[in-house]
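Heads up, the thing below is written out as structure tokens.
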Amino acid sequence: MAGYCPPSATSDGAPAAAALLPRADATALVAIAACTFTMGNDSAEAIVGDGEGPARPVSLRAFEIAAASVTNREFGDFVRATHYVTEAERLGDSFVFYLQVPDSSRGHALQPVAGIPWWLSVADASWQRPQGPGSHIHTRPEHPVVHVSWNDAQAYCAWARVRLPTEAEWECAARGGLAGRRYAWGDVLLNEGAPRCNIWRGEFPHAPAPGFAPGPTLAVSNTPNGYGLYNVCGNVWEWCDDWFNPAYHAATAARDPRGELPTGRRSMRGGSFLCHDSYCNRYRVAARSSNTPHSTSSNIGFRVAR
């Protein structure tokens, strides 16, 4: 279940963006040159229990990462080619934010999650029915696929001959060449009074701002960062390859770090449309979260790397 919720080289050695490379599924991978960048966060807003710091120099070999998260269309191509059945479909339910479920259907949902009653376990919710029975993805092929577990994401990657990014690759790419900034575009969240990304607007969780409908937006939407990546802040959580460990910065190498110690939880990055600084300020580029590898919900997706 989801929690409350990486131009010219910079002075800290962040890489220059390279050309967009075509993939067989017609989306783009951004090539990131080998580099050393400052990873992590030592500021007062760092969530200590998540292990955001200490900030440290991290060196990466060259890699490629998708400009956007995997879409319903792309995931549908995979399912049609392989007849894959996701974990949510096999289990028969998945978690949906309660305001995404029509009033008439909420009574049919299973029990809310203790302590976070805005999450409903909805029978037959899945990547094809993201809000449960009666919803469908036919009108949103270019939205991020959701209700995919880490295991589902791995199956897609094996088919598409790609992989999940490591946390270090994700953060490097999400920063877009900006050293030590809070967000992918800088330090200021608002642009003329509105967030620059798809995060919660209004009073969480019961009073969304007028005109704000909680849910993912198009995978390619909002302004891209300096490397051409879309929605690395907000929209949907994105699975990373690593096992999650609050001691990540002390336990992993300074070169091509990867969380390899099994902890029962896999790392997620980027925040989602449900993040709000009143309770889940995890849409910053250094912020971290995690979930069990089989967990699925209406705000978890993934982007790929190579």
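Residue numbers start at 1 in each chain; chains themselves are named A, B, ... in the order of the structure tokens; ligands are numbered from 1 in the order shown.
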
* Among range 158-216 of chain A, which ones does DSSP place in strand (DSSP E), written as a ChimeraX atom specification? -> /A:190-191,194-195,202-203,207-208

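Within range 47-118 of chain A, the backbone-based DSSP assignment of helix (DSSP H, G or I) covers Val48, Gly49, Asp50, Asn72, Arg73, Glu74, Phe75, Gly76, Asp77, Phe78, Val79, Arg80, Ala81, Thr82, Glu87, Ala88, Glu89, Arg90, Leu91, Tyr98, Leu99, Gln100, Asp103, Ser104, Ser105 and Arg106 of chain A.
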
* Find the residues near Arg196 in chain A: any atom within 8 Å, counting only C-alpha atoms, skip ones fewer than 5 places away on the same chain, and give them as a ChimeraX atom specification. => /A:189-191,222-223

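Distances from A:Val122, A:Val285, A:Cys35, A:Leu29 to Ser69 in chain A were compared using only C-alpha atoms, and the smallest one belongs to A:Leu29.
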
* With only C-alpha atoms as the atoms that count, which of A:Gly186, A:Gly180, A:Pro205, A:Gly193 lies nearest to Ile116 in chain A? ->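 Nearest candidate to Ile116 in chain A out of A:Gly186, A:Gly180, A:Pro205, A:Gly193: A:Pro205.
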
* Asked: Within 10 Å of range 79-89 of chain A, counting only C-alpha atoms, which residues qualify if same-chain residues fewer than 3 places away don't, as number ranges by chain?
  -> A: 73-76, 92-95, 123-129, 147-153, 155-156, 159, 294-297

Output C-alpha atoms for every residue in the selection just made, as a JSON list (two decimals), in the first residue's frame.
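Everything below was put into out-v8.json:
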```json
[["chain", "number", "residue", "atom", "x", "y", "z"],
["A", 73, "ARG", "CA", -0.59, 2.15, -23.88],
["A", 74, "GLU", "CA", 2.92, 0.79, -23.40],
["A", 75, "PHE", "CA", 1.91, -1.55, -20.60],
["A", 76, "GLY", "CA", -1.03, -2.71, -22.71],
["A", 92, "GLY", "CA", -8.55, -9.47, -6.97],
["A", 93, "ASP", "CA", -8.20, -6.03, -5.39],
["A", 94, "SER", "CA", -5.94, -2.99, -5.08],
["A", 95, "PHE", "CA", -5.83, 0.25, -3.12],
["A", 123, "ALA", "CA", -12.30, -5.29, -5.56],
["A", 124, "ASP", "CA", -11.24, -5.63, -9.21],
["A", 125, "ALA", "CA", -9.24, -2.41, -9.24],
["A", 126, "SER", "CA", -6.26, -2.92, -11.52],
["A", 127, "TRP", "CA", -4.16, -1.23, -14.18],
["A", 128, "GLN", "CA", -7.08, -1.64, -16.61],
["A", 129, "ARG", "CA", -9.66, -0.39, -14.09],
["A", 147, "HIS", "CA", -1.69, -0.51, -9.82],
["A", 148, "VAL", "CA", 1.58, -2.15, -10.86],
["A", 149, "SER", "CA", 3.75, -3.84, -8.26],
["A", 150, "TRP", "CA", 7.54, -3.87, -8.27],
["A", 151, "ASN", "CA", 7.27, -7.45, -9.50],
["A", 152, "ASP", "CA", 4.97, -6.36, -12.34],
["A", 153, "ALA", "CA", 7.42, -3.62, -13.30],
["A", 155, "ALA", "CA", 8.21, -8.39, -15.73],
["A", 156, "TYR", "CA", 7.61, -5.46, -18.08],
["A", 159, "TRP", "CA", 10.00, -8.06, -21.92],
["A", 294, "HIS", "CA", 3.84, -6.86, -4.29],
["A", 295, "SER", "CA", 2.04, -3.64, -3.23],
["A", 296, "THR", "CA", -0.22, -1.86, -5.72],
["A", 297, "SER", "CA", -2.27, 1.32, -5.60]]
```

* Go ahead and compute the interatomic distance for CA of Ala44 in chain A and CA of Asn299 in chain A, in Å to one decimal. =>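 Going from CA of Ala44 in chain A over to CA of Asn299 in chain A, I get 26.8 Å.
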
Closest pair table for range 145-224 of chain A residues within 9 Å of range 266-270 of chain A, only C-alpha atoms, as a tab-separated table:
```
residue	atom	partner	partner_atom	distance
A:Trp150	CA	A:Arg266	CA	7.5
A:Thr166	CA	A:Ser267	CA	8.8
A:Glu167	CA	A:Ser267	CA	7.3
A:Trp170	CA	A:Arg269	CA	7.7
A:Glu171	CA	A:Arg269	CA	8.2
A:Ala174	CA	A:Gly270	CA	8.5
```

Please produce a file of the residues just selected, as a PDB file, in the first residue's frame, where the atoms kept are N, CA and C atoms.
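Once everything was written out, this is part.pdb:
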```pdb
ATOM      1  N   TRP A 150       6.132  -3.807  -7.858  1.00  0.00           N
ATOM      2  CA  TRP A 150       7.537  -3.874  -8.266  1.00  0.00           C
ATOM      3  C   TRP A 150       7.769  -5.119  -9.104  1.00  0.00           C
ATOM      4  N   THR A 166      18.305   2.589 -10.660  1.00  0.00           N
ATOM      5  CA  THR A 166      18.672   2.608  -9.245  1.00  0.00           C
ATOM      6  C   THR A 166      18.240   3.941  -8.655  1.00  0.00           C
ATOM      7  N   GLU A 167      18.209   4.012  -7.341  1.00  0.00           N
ATOM      8  CA  GLU A 167      17.869   5.289  -6.697  1.00  0.00           C
ATOM      9  C   GLU A 167      18.848   6.382  -7.099  1.00  0.00           C
ATOM     10  N   TRP A 170      18.088   7.502 -10.587  1.00  0.00           N
ATOM     11  CA  TRP A 170      16.831   8.258 -10.593  1.00  0.00           C
ATOM     12  C   TRP A 170      17.061   9.682 -10.085  1.00  0.00           C
ATOM     13  N   GLU A 171      17.750   9.822  -8.946  1.00  0.00           N
ATOM     14  CA  GLU A 171      17.939  11.156  -8.377  1.00  0.00           C
ATOM     15  C   GLU A 171      18.821  12.026  -9.264  1.00  0.00           C
ATOM     16  N   ALA A 174      16.617  13.079 -12.097  1.00  0.00           N
ATOM     17  CA  ALA A 174      15.543  13.967 -11.648  1.00  0.00           C
ATOM     18  C   ALA A 174      16.052  15.377 -11.371  1.00  0.00           C
TER      19      ALA A 174
END
```
